[in-house]
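Down below is the structure, laid out as structure tokens.
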Amino acid sequence: MKLIIAAVFGLVMLTGASGPGPLKDSMGNLFASRDEMALMRGEVADLRHGRGSAAPAWVSHYASALCSADPAFLVERTDASLGVTEQDLEAQFQRMHENGLDCTSVRYLGSVGQSQFVFVLRHGPKDVWYVLTVSEDGQTIDKVE
């Protein structure tokens, strides 16, 4: 019985089943190959250190406009198929302000391929990650995640 309890405890420690375990973040999936684990570590490092494609200037301006509550620029550079209006954005920015979620900073993390750019905006006490996806024509944002 003691052997089973020790085995279960060891498994919990290694997998982080009780929360973020001490080894979970440093260990990949036990069933993943070394190549897959190296690829995963590389992708995480690229995002952490802002590697990959640099965001076009207007995409960086778009992220800054999200932070500074500039609905005119956002509507201009948001794909028309999304149906976003200045009034919608102004109302959203007002709700955020009322809830103490004003944006105080923007940080670029990196890209995912050639059309998705990851930014972190500081809203009140927390960081919120945004993935901005550029449309096929490269002129507007057609998805914000």
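Each chain in the structure tokens gets a letter, A, B, ..., in the order shown, and its residues are numbered from 1; ligands are numbered from 1 in order too.
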
Mind checking which residues fall within 8 Å of A:Phe117, counting only C-alpha atoms, ignoring those fewer than 6 positions away in the same chain, and posting them as a PyMOL selection string?
-> chain A and resi 55+108-111+131-133

Neighbour list for stretch 93-106 of chain A as a count of residues only, cut-off 10 Å, only C-alpha atoms, skip fewer than 6 positions in-chain | 22

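Using only C-alpha atoms, the residues found no farther than 9 Å from A:Thr85, other than those of its own chain fewer than 4 positions away, are Pro71, Ala72, Val75, Leu89 and Glu90 of chain A.
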
Residue subset to file, keeping N, CA, C and O atoms, as a PDB file, in the first residue's frame:
```
ATOM      1  N   PRO A  71     -10.876  55.078 -31.318  1.00  0.00           N
ATOM      2  CA  PRO A  71     -11.810  54.318 -32.148  1.00  0.00           C
ATOM      3  C   PRO A  71     -11.746  54.668 -33.628  1.00  0.00           C
ATOM      4  O   PRO A  71     -11.990  53.806 -34.480  1.00  0.00           O
ATOM      5  N   ALA A  72     -11.384  55.896 -33.987  1.00  0.00           N
ATOM      6  CA  ALA A  72     -11.334  56.278 -35.406  1.00  0.00           C
ATOM      7  C   ALA A  72     -10.295  55.439 -36.149  1.00  0.00           C
ATOM      8  O   ALA A  72     -10.582  54.884 -37.223  1.00  0.00           O
ATOM      9  N   VAL A  75     -11.437  51.612 -36.329  1.00  0.00           N
ATOM     10  CA  VAL A  75     -12.467  51.338 -37.337  1.00  0.00           C
ATOM     11  C   VAL A  75     -11.864  51.397 -38.739  1.00  0.00           C
ATOM     12  O   VAL A  75     -12.174  50.564 -39.594  1.00  0.00           O
ATOM     13  N   LEU A  89     -17.042  50.833 -30.154  1.00  0.00           N
ATOM     14  CA  LEU A  89     -15.740  50.917 -29.497  1.00  0.00           C
ATOM     15  C   LEU A  89     -15.743  51.936 -28.368  1.00  0.00           C
ATOM     16  O   LEU A  89     -15.197  51.674 -27.286  1.00  0.00           O
ATOM     17  N   GLU A  90     -16.365  53.090 -28.597  1.00  0.00           N
ATOM     18  CA  GLU A  90     -16.428  54.104 -27.548  1.00  0.00           C
ATOM     19  C   GLU A  90     -17.164  53.572 -26.319  1.00  0.00           C
ATOM     20  O   GLU A  90     -16.739  53.805 -25.180  1.00  0.00           O
TER      21      GLU A  90
END
```

Counting only C-alpha atoms, the residue among A:Ala91, A:Ala80, A:Val134, A:Leu74 that lies closest to A:Gln114 is A:Val134

Any idea what the distance is between atom CA of A:Ser81 and atom CA of A:Asp142?
-> 7.9 Å

Find the residues near A:Asp137: any atom within 12 Å, counting only C-alpha atoms, skip ones fewer than 5 places away on the same chain, and give them as a PDB file with C-alpha atoms, in the first residue's frame.
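Result written to out_9.pdb:
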```pdb
ATOM      1  CA  ARG A  77      -8.018  49.450 -39.948  1.00  0.00           C
ATOM      2  CA  ASP A  79     -12.040  44.646 -41.676  1.00  0.00           C
ATOM      3  CA  SER A 115      -0.103  37.193 -40.454  1.00  0.00           C
ATOM      4  CA  ASP A 142      -9.767  40.712 -39.624  1.00  0.00           C
TER       5      ASP A 142
END
```
